[in-house]
>>> print(open('target_32.cif').read())   # mmCIF, C-alpha atoms
data_query
#
loop_
_atom_site.label_atom_id
_atom_site.label_comp_id
_atom_site.auth_asym_id
_atom_site.auth_seq_id
_atom_site.Cartn_x
_atom_site.Cartn_y
_atom_site.Cartn_z
CA MET Z 1217 -2.92 -58.16 64.32
CA GLY Z 1218 -3.45 -61.14 66.70
CA ASN Z 1219 -4.83 -60.42 70.17
CA ALA Z 1220 -3.85 -57.61 72.52
CA ASN Z 1221 -1.43 -59.76 74.52
CA ASN Z 1222 0.12 -61.46 71.56
CA PRO Z 1223 -0.12 -59.07 68.61
CA THR Z 1224 1.07 -59.85 65.11
CA PRO Z 1225 1.92 -56.43 63.67
CA ARG Z 1226 1.80 -55.77 59.96
CA ALA Z 1227 4.23 -53.39 58.22
CA ARG Z 1228 2.94 -50.71 55.90
CA LYS Z 1229 4.41 -51.16 52.44
CA GLU Z 1230 2.36 -48.86 50.23
CA GLY Z 1231 3.47 -45.35 49.40
CA LEU Z 1232 7.02 -45.90 50.58
CA LEU Z 1233 10.42 -45.79 48.92
CA VAL Z 1234 12.98 -48.08 50.51
CA GLU Z 1235 16.73 -47.81 50.03
CA GLU Z 1236 19.11 -50.23 51.71
CA LEU Z 1237 22.41 -48.93 53.09
CA PRO Z 1238 25.15 -51.16 54.50
CA ASP Z 1239 23.89 -50.96 58.11
CA GLU Z 1240 20.69 -48.97 57.78
CA THR Z 1241 17.46 -48.82 55.86
CA LEU Z 1242 16.16 -45.54 54.50
CA VAL Z 1243 12.41 -45.25 54.13
CA TYR Z 1244 10.79 -42.29 52.42
CA ASP Z 1245 7.08 -41.82 53.10
CA LEU Z 1246 5.57 -40.48 49.86
CA LYS Z 1247 2.31 -39.61 51.61
CA ARG Z 1248 3.86 -37.51 54.36
CA ASP Z 1249 7.04 -36.49 52.50
CA LYS Z 1250 9.12 -37.62 55.41
CA ALA Z 1251 12.21 -39.78 55.48
CA HIS Z 1252 13.19 -42.26 58.19
CA CYS Z 1253 16.43 -44.04 58.87
CA LEU Z 1254 15.97 -47.44 60.50
CA ASN Z 1255 18.77 -49.08 62.42
CA PRO Z 1256 19.31 -52.84 61.84
CA THR Z 1257 17.00 -53.81 64.73
CA ALA Z 1258 14.07 -51.67 63.58
CA ALA Z 1259 14.68 -52.64 59.95
CA LEU Z 1260 14.66 -56.37 60.71
CA VAL Z 1261 11.51 -56.09 62.83
CA TRP Z 1262 9.84 -54.04 60.09
CA GLN Z 1263 10.78 -56.54 57.39
CA HIS Z 1264 9.20 -59.38 59.35
CA CYS Z 1265 6.00 -57.61 60.38
CA ASP Z 1266 3.78 -59.66 58.06
CA GLY Z 1267 0.66 -59.79 60.20
CA GLN Z 1268 1.40 -63.38 61.25
CA THR Z 1269 4.62 -63.17 63.25
CA THR Z 1270 4.23 -62.55 66.98
CA VAL Z 1271 6.44 -60.36 69.15
CA ALA Z 1272 8.14 -63.40 70.66
CA GLU Z 1273 8.85 -64.76 67.20
CA LEU Z 1274 10.22 -61.38 66.13
CA ALA Z 1275 12.56 -61.45 69.14
CA ALA Z 1276 13.78 -64.89 68.07
CA LEU Z 1277 14.35 -63.58 64.53
CA LEU Z 1278 16.36 -60.68 65.94
CA GLU Z 1279 18.57 -63.04 67.92
CA LYS Z 1280 19.16 -65.15 64.86
CA GLY Z 1281 19.52 -62.36 62.31
CA LEU Z 1282 21.62 -59.85 64.25
CA GLU Z 1283 23.23 -62.23 66.72
CA ILE Z 1284 22.21 -60.12 69.67
CA PRO Z 1285 20.56 -61.24 72.89
CA ALA Z 1286 17.15 -59.89 71.95
CA ASN Z 1287 13.99 -60.01 74.00
CA ASP Z 1288 10.42 -58.82 73.73
CA VAL Z 1289 11.35 -55.39 75.12
CA LEU Z 1290 13.67 -54.67 72.24
CA VAL Z 1291 10.96 -55.68 69.77
CA TRP Z 1292 8.43 -53.48 71.53
CA MET Z 1293 10.81 -50.55 71.33
CA ALA Z 1294 11.30 -51.14 67.62
CA LEU Z 1295 7.53 -51.42 67.12
CA GLU Z 1296 6.98 -48.17 69.01
CA ARG Z 1297 9.51 -46.45 66.75
CA LEU Z 1298 7.84 -47.90 63.66
CA ARG Z 1299 4.43 -46.82 64.94
CA ARG Z 1300 5.60 -43.24 65.44
CA ALA Z 1301 7.03 -43.26 61.92
CA HIS Z 1302 3.65 -44.48 60.55
CA LEU Z 1303 5.31 -47.62 59.18
CA LEU Z 1304 2.75 -50.07 60.61
CA THR Z 1305 -0.71 -50.56 59.14
CA GLU Z 1306 -2.27 -50.49 62.61
CA PRO Z 1307 -0.74 -49.21 65.83
CA VAL Z 1308 0.19 -51.85 68.39
CA ARG Z 1309 -0.44 -51.12 72.04
CA LEU Z 1310 2.41 -51.75 74.40
CA PRO Z 1311 1.46 -54.01 77.29
CA ALA Z 1312 1.62 -52.21 80.63
CA PRO Z 1313 5.00 -53.49 81.94
CA GLN Z 1314 6.77 -52.70 78.66
CA ALA Z 1315 5.16 -49.28 78.54
CA ARG Z 1316 6.99 -48.44 81.75
CA TYR Z 1317 10.24 -49.87 80.51
CA SER Z 1318 12.41 -46.96 79.43
CA ARG Z 1319 14.90 -46.94 76.60
CA ARG Z 1320 17.67 -46.35 79.11
CA GLN Z 1321 16.64 -49.42 81.07
CA ALA Z 1322 16.55 -51.49 77.92
CA MET Z 1323 19.97 -50.27 76.86
CA ARG Z 1324 21.34 -51.00 80.32
CA THR Z 1325 20.01 -54.53 80.20
CA TRP Z 1326 21.27 -55.01 76.68
CA GLY Z 1327 24.64 -53.48 77.53
CA TRP Z 1328 25.00 -55.74 80.55
CA VAL Z 1329 24.18 -58.78 78.45
CA ARG Z 1330 26.77 -57.77 75.87
CA GLY Z 1331 29.36 -57.06 78.51
CA TRP Z 1332 29.48 -53.31 77.93
CA ARG Z 1333 29.37 -52.41 81.59
CA MET S 984 -0.55 -14.07 29.92
CA ARG S 985 -2.11 -12.57 26.81
CA LYS S 986 -2.57 -9.24 28.59
CA LEU S 987 1.12 -9.28 29.43
CA ASP S 988 2.04 -10.20 25.88
CA ARG S 989 0.15 -7.18 24.58
CA LEU S 990 2.28 -4.74 26.59
CA GLY S 991 5.13 -3.06 24.77
CA TRP S 992 8.43 -4.83 25.49
CA ALA S 993 11.65 -2.95 24.91
CA ASP S 994 14.18 -5.74 25.30
CA GLY S 995 14.48 -9.41 26.11
CA THR S 996 16.75 -12.40 26.21
CA CYS S 997 16.60 -16.20 26.35
CA PHE S 998 19.16 -18.44 27.99
CA VAL S 999 19.71 -22.05 28.95
CA ALA S 1000 20.84 -23.12 32.41
CA TYR S 1001 20.99 -26.72 33.68
CA GLY S 1002 18.94 -27.86 30.67
CA LEU S 1003 16.12 -25.36 31.25
CA ARG S 1004 15.18 -22.58 28.87
CA VAL S 1005 14.33 -19.28 30.49
CA GLY S 1006 13.32 -15.95 29.01
CA VAL S 1007 13.36 -12.45 30.50
CA ARG S 1008 11.69 -9.41 28.93
CA VAL S 1009 11.62 -5.83 30.15
CA ASN S 1010 9.76 -2.69 29.21
CA ALA S 1011 12.78 -0.44 29.85
CA PRO S 1012 15.99 -1.16 27.91
CA GLY S 1013 18.39 -0.19 30.72
CA ALA S 1014 16.91 -2.82 33.04
CA MET S 1015 18.60 -5.63 31.12
CA ASP S 1016 22.06 -4.40 32.19
CA ARG S 1017 21.57 -5.80 35.68
CA LEU S 1018 20.49 -9.23 34.47
CA PRO S 1019 23.80 -11.06 33.78
CA ALA S 1020 24.88 -10.74 37.43
CA LEU S 1021 21.67 -12.48 38.53
CA LEU S 1022 21.85 -15.49 36.24
CA PRO S 1023 22.93 -18.93 37.47
CA PRO S 1024 26.51 -20.07 36.89
CA GLY S 1025 27.12 -21.72 33.53
CA TRP S 1026 24.18 -20.11 31.68
CA LYS S 1027 24.38 -19.85 27.91
CA PRO S 1028 22.36 -17.80 25.41
CA ALA S 1029 19.58 -19.87 23.86
CA GLY S 1030 19.20 -20.19 20.13
CA SER S 1031 15.43 -20.55 20.16
CA PRO S 1032 12.90 -18.11 21.64
CA GLU S 1033 10.82 -20.99 23.08
CA VAL S 1034 11.16 -21.07 26.85
CA ASP S 1035 10.03 -23.15 29.83
CA ARG S 1036 9.59 -20.07 31.99
CA LEU S 1037 9.22 -16.42 31.07
CA TYR S 1038 9.88 -13.51 33.40
CA SER S 1039 8.29 -10.17 32.55
CA LEU S 1040 9.66 -7.10 34.31
CA ILE S 1041 7.63 -3.93 34.16
CA VAL S 1042 9.65 -0.98 35.37
CA GLY S 1043 7.27 1.56 36.91
CA GLY S 1044 8.73 4.90 37.86
CA GLU S 1045 7.20 8.29 37.16
CA GLY S 1046 3.69 8.30 35.72
CA SER S 1047 2.27 10.55 33.05
CA ARG S 1048 0.56 12.73 35.66
CA PRO S 1049 2.43 14.73 38.33
CA ASN S 1050 2.83 13.09 41.77
CA VAL S 1051 1.98 9.68 40.35
CA ARG S 1052 4.47 6.82 40.47
CA HIS S 1053 3.94 3.31 39.23
CA PHE S 1054 5.03 0.12 40.93
CA ASN S 1055 7.78 -2.05 39.49
CA LEU S 1056 6.18 -5.42 38.73
CA LEU S 1057 7.65 -8.83 38.08
CA TYR S 1058 5.77 -11.78 36.61
CA ALA S 1059 6.87 -15.39 36.29
CA ASN S 1060 4.79 -16.65 33.37
CA SER S 1061 1.41 -15.13 34.29
CA ALA S 1062 1.85 -15.03 38.07
CA ARG S 1063 2.93 -11.82 39.73
CA ILE S 1064 5.85 -12.52 42.08
CA ALA S 1065 7.01 -9.01 43.01
CA ARG S 1066 5.55 -5.52 43.35
CA SER S 1067 7.60 -2.68 44.75
CA MET S 1068 8.38 0.99 44.29
CA ASP S 1069 12.05 0.13 44.71
CA LEU S 1070 13.69 -1.84 41.89
CA ASP S 1071 16.28 -3.64 44.07
CA PRO S 1072 13.87 -6.03 45.82
CA VAL S 1073 12.28 -6.82 42.46
CA PHE S 1074 15.62 -7.89 41.02
CA SER S 1075 16.33 -9.78 44.21
CA ASN S 1076 13.03 -11.67 43.77
CA LEU S 1077 13.89 -12.39 40.16
CA GLU S 1078 17.19 -13.91 41.19
CA SER S 1079 15.80 -16.06 44.01
CA ASP S 1080 12.80 -17.26 41.99
CA LEU S 1081 15.04 -18.15 39.06
CA GLN S 1082 17.43 -20.03 41.35
CA LEU S 1083 14.62 -21.99 42.95
CA TYR S 1084 12.98 -22.75 39.61
CA ILE S 1085 16.21 -24.19 38.27
CA ALA S 1086 16.93 -26.04 41.52
CA GLU S 1087 13.47 -27.59 41.43
CA ARG S 1088 13.34 -28.50 37.76
CA ALA S 1089 16.90 -29.28 36.66
CA ARG S 1090 16.79 -32.77 35.21
CA ARG S 1091 20.39 -33.91 35.36
CA ARG S 1092 21.46 -32.30 38.62
CA LEU S 1093 20.17 -32.52 42.16
CA PHE S 1094 20.15 -29.26 44.13
CA VAL S 1095 20.51 -29.30 47.90
CA HIS S 1096 20.58 -26.11 50.02
CA ALA S 1097 24.12 -26.24 51.33
CA GLY S 1098 27.44 -24.52 51.51
CA VAL S 1099 30.26 -26.41 49.78
CA VAL S 1100 34.03 -26.09 49.79
CA GLY S 1101 36.77 -28.29 48.38
CA TRP S 1102 39.63 -29.60 50.46
CA HIS S 1103 42.34 -31.97 49.24
CA GLY S 1104 40.26 -33.12 46.29
CA ARG S 1105 37.06 -33.76 48.26
CA ALA S 1106 34.02 -31.70 49.01
CA ILE S 1107 32.84 -30.60 52.44
CA VAL S 1108 29.06 -30.21 52.30
CA ILE S 1109 27.28 -28.15 54.96
CA PRO S 1110 23.51 -28.51 54.50
CA GLY S 1111 21.38 -25.66 55.80
CA ARG S 1112 18.75 -23.12 54.92
CA SER S 1113 19.25 -19.38 54.70
CA PHE S 1114 20.18 -17.73 58.01
CA SER S 1115 21.59 -21.01 59.36
CA GLY S 1116 25.13 -19.60 59.33
CA LYS S 1117 26.44 -21.68 56.46
CA THR S 1118 27.86 -18.69 54.57
CA THR S 1119 29.80 -17.60 57.66
CA LEU S 1120 31.26 -21.08 57.90
CA VAL S 1121 32.04 -21.26 54.18
CA ALA S 1122 33.80 -17.89 54.43
CA ALA S 1123 35.87 -19.13 57.39
CA LEU S 1124 36.80 -22.29 55.49
CA LEU S 1125 37.92 -20.19 52.51
CA ARG S 1126 40.09 -18.05 54.79
CA ALA S 1127 41.61 -21.28 56.11
CA GLY S 1128 42.59 -22.34 52.58
CA ALA S 1129 39.64 -24.30 51.18
CA THR S 1130 38.40 -23.96 47.59
CA TYR S 1131 35.05 -22.29 46.95
CA TYR S 1132 32.21 -24.35 45.48
CA SER S 1133 29.02 -22.69 46.70
CA ASP S 1134 27.32 -20.93 49.57
CA GLU S 1135 23.85 -21.66 48.24
CA PHE S 1136 23.52 -25.12 46.66
CA ALA S 1137 25.36 -28.40 46.58
CA VAL S 1138 24.77 -29.57 43.02
CA PHE S 1139 25.02 -33.38 42.75
CA ASP S 1140 25.38 -35.38 39.57
CA GLY S 1141 24.24 -38.96 38.99
CA ARG S 1142 27.43 -40.34 40.53
CA GLY S 1143 26.99 -38.37 43.72
CA ARG S 1144 29.77 -35.89 42.96
CA VAL S 1145 29.38 -32.19 43.78
CA HIS S 1146 29.73 -29.60 41.04
CA PRO S 1147 30.67 -25.96 41.58
CA TYR S 1148 27.89 -23.38 41.84
CA PRO S 1149 30.15 -20.42 42.43
CA THR S 1150 27.89 -17.42 42.82
CA PRO S 1151 29.45 -14.64 44.95
CA LEU S 1152 28.98 -15.24 48.66
CA SER S 1153 26.06 -13.41 50.17
CA ILE S 1154 27.40 -12.14 53.47
CA ARG S 1155 24.81 -10.62 55.76
CA GLU S 1156 25.71 -7.94 58.22
CA GLY S 1157 23.51 -7.64 61.31
CA LYS S 1158 19.87 -8.48 60.78
CA ASP S 1159 19.78 -7.18 57.22
CA ALA S 1160 18.08 -9.85 55.12
CA ARG S 1161 19.91 -8.85 51.93
CA GLY S 1162 23.50 -9.89 51.95
CA LYS S 1163 26.50 -8.05 50.60
CA ARG S 1164 27.95 -9.77 47.53
CA CYS S 1165 31.47 -10.90 48.09
CA PRO S 1166 33.59 -12.79 45.55
CA PRO S 1167 35.54 -15.75 47.03
CA GLU S 1168 38.82 -14.10 46.04
CA ALA S 1169 38.10 -11.30 48.53
CA LEU S 1170 38.21 -13.93 51.29
CA GLY S 1171 41.42 -15.49 50.06
CA GLY S 1172 39.71 -18.37 48.30
CA HIS S 1173 39.31 -19.26 44.66
CA PRO S 1174 36.47 -21.05 42.86
CA GLY S 1175 36.70 -24.80 42.26
CA VAL S 1176 36.59 -26.11 38.72
CA GLY S 1177 35.61 -29.78 38.43
CA PRO S 1178 33.25 -32.06 40.33
CA LEU S 1179 34.41 -33.56 43.62
CA PRO S 1180 33.40 -36.64 45.59
CA VAL S 1181 31.99 -35.84 49.02
CA GLY S 1182 34.63 -36.15 51.72
CA SER S 1183 32.52 -34.88 54.57
CA VAL S 1184 29.00 -33.82 55.46
CA VAL S 1185 28.83 -31.39 58.36
CA VAL S 1186 25.49 -30.98 60.10
CA THR S 1187 25.78 -28.02 62.41
CA LYS S 1188 24.24 -24.83 63.64
CA TYR S 1189 25.63 -21.85 65.46
CA ARG S 1190 25.23 -21.45 69.21
CA GLN S 1191 26.94 -18.63 70.98
CA GLY S 1192 29.77 -19.83 73.18
CA ALA S 1193 29.50 -23.45 72.00
CA ARG S 1194 32.57 -25.57 71.34
CA TRP S 1195 32.82 -27.68 68.21
CA ARG S 1196 32.90 -31.21 69.56
CA PRO S 1197 31.08 -33.18 66.87
CA ARG S 1198 30.00 -36.77 66.98
CA GLN S 1199 30.29 -38.99 63.98
CA VAL S 1200 26.93 -40.14 62.63
CA THR S 1201 25.99 -42.78 60.10
CA PRO S 1202 25.64 -42.28 56.33
CA GLY S 1203 21.90 -42.83 56.71
CA ARG S 1204 21.68 -39.85 59.05
CA ALA S 1205 23.64 -37.81 56.52
CA VAL S 1206 21.16 -38.71 53.79
CA LEU S 1207 18.32 -37.62 56.10
CA ALA S 1208 20.04 -34.28 56.76
CA LEU S 1209 20.65 -33.71 53.05
CA LEU S 1210 17.12 -34.80 52.09
CA ALA S 1211 15.69 -32.22 54.48
CA HIS S 1212 17.38 -29.55 52.36
CA THR S 1213 16.90 -31.10 48.92
CA VAL S 1214 14.92 -28.74 46.71
CA PRO S 1215 13.14 -31.28 44.44
CA VAL S 1216 12.64 -33.95 47.12
CA ARG S 1217 8.87 -34.07 46.60
CA ARG S 1218 9.16 -34.07 42.85
CA ARG S 1219 11.92 -36.69 42.57
CA PRO S 1220 12.31 -38.52 45.88
CA ARG S 1221 13.74 -41.73 44.42
CA ALA S 1222 16.43 -39.97 42.38
CA ALA S 1223 17.27 -37.80 45.39
CA ILE S 1224 17.72 -40.74 47.76
CA THR S 1225 19.76 -42.74 45.24
CA ARG S 1226 22.14 -39.86 44.47
CA LEU S 1227 22.57 -38.84 48.06
CA ARG S 1228 23.24 -42.43 49.13
CA LYS S 1229 26.02 -42.59 46.53
CA ALA S 1230 27.31 -39.18 47.61
CA VAL S 1231 27.76 -40.06 51.29
CA SER S 1232 29.03 -43.60 50.79
CA ASP S 1233 32.65 -42.64 51.54
CA ALA S 1234 32.05 -39.49 53.58
CA LEU S 1235 32.88 -38.61 57.15
CA VAL S 1236 29.62 -37.35 58.64
CA LEU S 1237 29.91 -35.00 61.61
CA LYS S 1238 27.13 -33.49 63.66
CA GLY S 1239 27.23 -30.94 66.45
CA VAL S 1240 26.70 -27.33 67.44
CA ARG S 1241 29.45 -24.87 66.72
CA GLY S 1242 30.68 -21.64 68.21
CA GLU S 1243 32.80 -19.25 66.22
CA ALA S 1244 33.28 -20.29 62.60
CA GLU S 1245 37.07 -19.69 62.45
CA GLU S 1246 37.77 -22.04 65.35
CA MET S 1247 35.59 -24.75 63.87
CA ALA S 1248 36.96 -24.35 60.34
CA GLU S 1249 40.53 -25.02 61.42
CA SER S 1250 39.59 -28.00 63.55
CA LEU S 1251 37.45 -29.46 60.75
CA LEU S 1252 40.10 -29.07 58.06
CA ARG S 1253 42.75 -30.58 60.33
CA ARG S 1254 40.56 -33.58 61.01
CA LEU S 1255 39.82 -34.10 57.32
CA GLU S 1256 43.47 -33.74 56.45
CA GLU S 1257 44.27 -36.57 58.85
CA ARG S 1258 41.58 -38.65 57.19
CA VAL S 1259 42.95 -37.96 53.71
CA ILE S 1260 46.32 -39.25 54.88
CA ALA S 1261 44.64 -42.28 56.47
CA VAL S 1262 42.50 -43.08 53.42
CA PRO S 1263 44.76 -43.30 50.36
CA ALA S 1264 43.65 -41.69 47.08
CA GLU S 1265 43.25 -45.07 45.35
CA ARG S 1266 40.28 -45.77 47.62
CA LEU S 1267 38.49 -42.74 46.27
CA PRO S 1268 35.80 -43.22 43.62
CA GLN S 1269 36.88 -42.78 40.02
CA GLY S 1270 37.32 -39.18 38.93
CA ALA S 1271 38.05 -37.92 42.43
CA ALA S 1272 41.70 -37.11 41.91
#
>>> encode(input="target_32.cif", output="structure tokens")
Amino acid sequence: MGNANNPTPRARKEGLLVEELPDETLVYDLKRDKAHCLNPTAALVWQHCDGQTTVAELAALLEKGLEIPANDVLVWMALERLRRAHLLTEPVRLPAPQARYSRRQAMRTWGWVRGWR
Amino acid sequence: MRKLDRLGWADGTCFVAYGLRVGVRVNAPGAMDRLPALLPPGWKPAGSPEVDRLYSLIVGGEGSRPNVRHFNLLYANSARIARSMDLDPVFSNLESDLQLYIAERARRRLFVHAGVVGWHGRAIVIPGRSFSGKTTLVAALLRAGATYYSDEFAVFDGRGRVHPYPTPLSIREGKDARGKRCPPEALGGHPGVGPLPVGSVVVTKYRQGARWRPRQVTPGRAVLALLAHTVPVRRRPRAAITRLRKAVSDALVLKGVRGEAEEMAESLLRRLEERVIAVPAERLPQGAA
């Protein structure tokens, strides 16, 4: 999992059924009998959580894979979503500044970057 | 089970529905008369007396001594599933247990709690549990000209098409848990015949005074909504996900609260009609016409 400031999250793979849709990934948790629908961002982060890739590297992979101006905040949001869905082997703790960074703020930043405003 | 077997049985029958063999035996001959109305659509008499599940109905009534009445009892295999002085709730339990058993165990079909109607050669699937208002909406859609498929289950085949499950609609009045049986013809509709591809999945619930202003959601969200109401999801999660993914691949998925069913039904059918015109029939999966 790396250190607290530079974690390397690992995705849970056991006890899951995964079905790929055109723009989404469906994950069914056999242990909890609960289904999750991951958007492309969360799905890409989840696929690359191998216990060796850092958050910064995941952000770079997002930029490359989805052609979006990704940053650490977006990765942290995806990791938080994956943690809540029990799709990581160990929970990752958000560093303090990111913890205060709301989804709305992230979307605003992202929207501004993409010229949505 | 042996104790039950030793009782005197007056009548019995075996039938096959969705590949499952079911038997029913009763200790009073007249009790069998009510059975055909409770059986699932498409049932056929079975040739062999071997069954996967056996229901035993013991009709109580007056006892041998004065002022003594016996309970009516219903067993599914050896488990007692109903006990009542009144026979109606016992038959009602028989019907619902039989439906759930078939929905859970049917091998070649996937059962999802949903109301279904047909419209321009495609199915509109409204997932929801009992008391979620799906029957009210199905009834409104029938009055608006849709074809009746089911107000209880959407029955999917391996290609993701929906088959009819045309039991009479169970329309509840007030807070009464038991609905009044109403054939679709009484609402101006008629039962559908063949399987249909899914044209739309509608995820909604009733809220007094609400206006139907749905938002379009992704096929993945539709699969989640359908999975939440899939009867054998724990038993066959992989098959359920695969079939539902196929089912929603070409569907318009709408989500939102609704007010009165009539208002929503017209708006929904109009919207789907526009989509049918926009998406030509040749784009439909094979067998949809």
>>> atom_distance(input="target_32.cif", atom1="CA of Ala1127 in chain S", atom2="CA of Ser1113 in chain S")
22.5 Å
>>> interface_residues(input="target_32.cif", of="chain S", to="chain Z", cutoff="8 Å", atoms="all atoms listed in the file", output="MDAnalysis selection string")
chainID S and resid 1203:1204 1207 1210 1217 1220:1221 1224:1225 1228
>>> closest_residue(input="target_32.cif", among="Z:Thr1224, Z:Ala1301, Z:Leu1290, Z:Glu1296", to="His1264 in chain Z", atoms="all atoms listed in the file")
Z:Thr1224
>>> closest_residue(input="target_32.cif", among="S:Ala1059, S:Val1236, S:Leu1179, S:Ile1154", to="Pro1197 in chain S", atoms="all atoms listed in the file")
S:Val1236
>>> resolve_selection(input="target_32.cif", expression="the PyMOL selection byres ((chain S and resi 1190) around 6)", output="list in words")
Tyr1189, Gln1191, Ala1193, Arg1241 and Gly1242 of chain S
>>> decode(input="target_32.cif", residues="range 1270-1293 of chain Z", atoms="N, CA and C atoms", output="tab-separated table (two decimals), in the first residue's frame")
chain	number	residue	atom	x	y	z
Z	1270	THR	N	1.22	4.36	-7.82
Z	1270	THR	CA	0.89	5.44	-6.88
Z	1270	THR	C	-0.27	6.27	-7.42
Z	1271	VAL	N	-0.77	7.14	-6.55
Z	1271	VAL	CA	-1.90	8.00	-6.94
Z	1271	VAL	C	-1.50	8.90	-8.11
Z	1272	ALA	N	-0.31	9.45	-8.05
Z	1272	ALA	CA	0.15	10.32	-9.14
Z	1272	ALA	C	0.24	9.54	-10.45
Z	1273	GLU	N	0.72	8.32	-10.35
Z	1273	GLU	CA	0.81	7.49	-11.57
Z	1273	GLU	C	-0.59	7.13	-12.10
Z	1274	LEU	N	-1.52	6.91	-11.16
Z	1274	LEU	CA	-2.90	6.62	-11.58
Z	1274	LEU	C	-3.50	7.83	-12.30
Z	1275	ALA	N	-3.17	9.02	-11.81
Z	1275	ALA	CA	-3.66	10.25	-12.46
Z	1275	ALA	C	-3.11	10.34	-13.88
Z	1276	ALA	N	-1.85	10.01	-14.03
Z	1276	ALA	CA	-1.23	10.04	-15.37
Z	1276	ALA	C	-1.90	9.01	-16.29
Z	1277	LEU	N	-2.22	7.85	-15.73
Z	1277	LEU	CA	-2.90	6.81	-16.53
Z	1277	LEU	C	-4.29	7.27	-16.96
Z	1278	LEU	N	-4.95	8.00	-16.05
Z	1278	LEU	CA	-6.29	8.53	-16.39
Z	1278	LEU	C	-6.19	9.51	-17.55
Z	1279	GLU	N	-5.22	10.39	-17.47
Z	1279	GLU	CA	-5.03	11.39	-18.55
Z	1279	GLU	C	-4.82	10.70	-19.88
Z	1280	LYS	N	-3.99	9.67	-19.82
Z	1280	LYS	CA	-3.64	8.97	-21.05
Z	1280	LYS	C	-4.81	8.11	-21.56
Z	1281	GLY	N	-5.42	7.38	-20.63
Z	1281	GLY	CA	-6.46	6.42	-21.03
Z	1281	GLY	C	-7.77	7.07	-21.42
Z	1282	LEU	N	-8.19	8.11	-20.70
Z	1282	LEU	CA	-9.50	8.71	-20.95
Z	1282	LEU	C	-9.40	10.08	-21.63
Z	1283	GLU	N	-8.17	10.51	-21.81
Z	1283	GLU	CA	-7.93	11.82	-22.44
Z	1283	GLU	C	-8.68	12.93	-21.72
Z	1284	ILE	N	-8.53	12.93	-20.41
Z	1284	ILE	CA	-9.14	14.00	-19.62
Z	1284	ILE	C	-8.04	14.63	-18.78
Z	1285	PRO	N	-8.19	15.89	-18.44
Z	1285	PRO	CA	-7.18	16.53	-17.60
Z	1285	PRO	C	-7.31	16.05	-16.16
Z	1286	ALA	N	-6.76	14.92	-15.86
Z	1286	ALA	CA	-6.92	14.32	-14.54
Z	1286	ALA	C	-5.88	14.86	-13.57
Z	1287	ASN	N	-6.22	14.80	-12.30
Z	1287	ASN	CA	-5.25	15.14	-11.26
Z	1287	ASN	C	-5.47	14.19	-10.09
Z	1288	ASP	N	-4.65	14.40	-9.04
Z	1288	ASP	CA	-4.73	13.51	-7.90
Z	1288	ASP	C	-6.13	13.51	-7.26
Z	1289	VAL	N	-6.78	14.67	-7.30
Z	1289	VAL	CA	-8.10	14.78	-6.64
Z	1289	VAL	C	-9.10	13.80	-7.26
Z	1290	LEU	N	-9.07	13.73	-8.56
Z	1290	LEU	CA	-9.99	12.83	-9.27
Z	1290	LEU	C	-9.71	11.38	-8.88
Z	1291	VAL	N	-8.43	11.06	-8.76
Z	1291	VAL	CA	-8.05	9.68	-8.37
Z	1291	VAL	C	-8.51	9.41	-6.94
Z	1292	TRP	N	-8.32	10.41	-6.07
Z	1292	TRP	CA	-8.75	10.21	-4.68
Z	1292	TRP	C	-10.26	10.01	-4.60
Z	1293	MET	N	-10.98	10.74	-5.42
Z	1293	MET	CA	-12.45	10.56	-5.42
Z	1293	MET	C	-12.82	9.16	-5.88
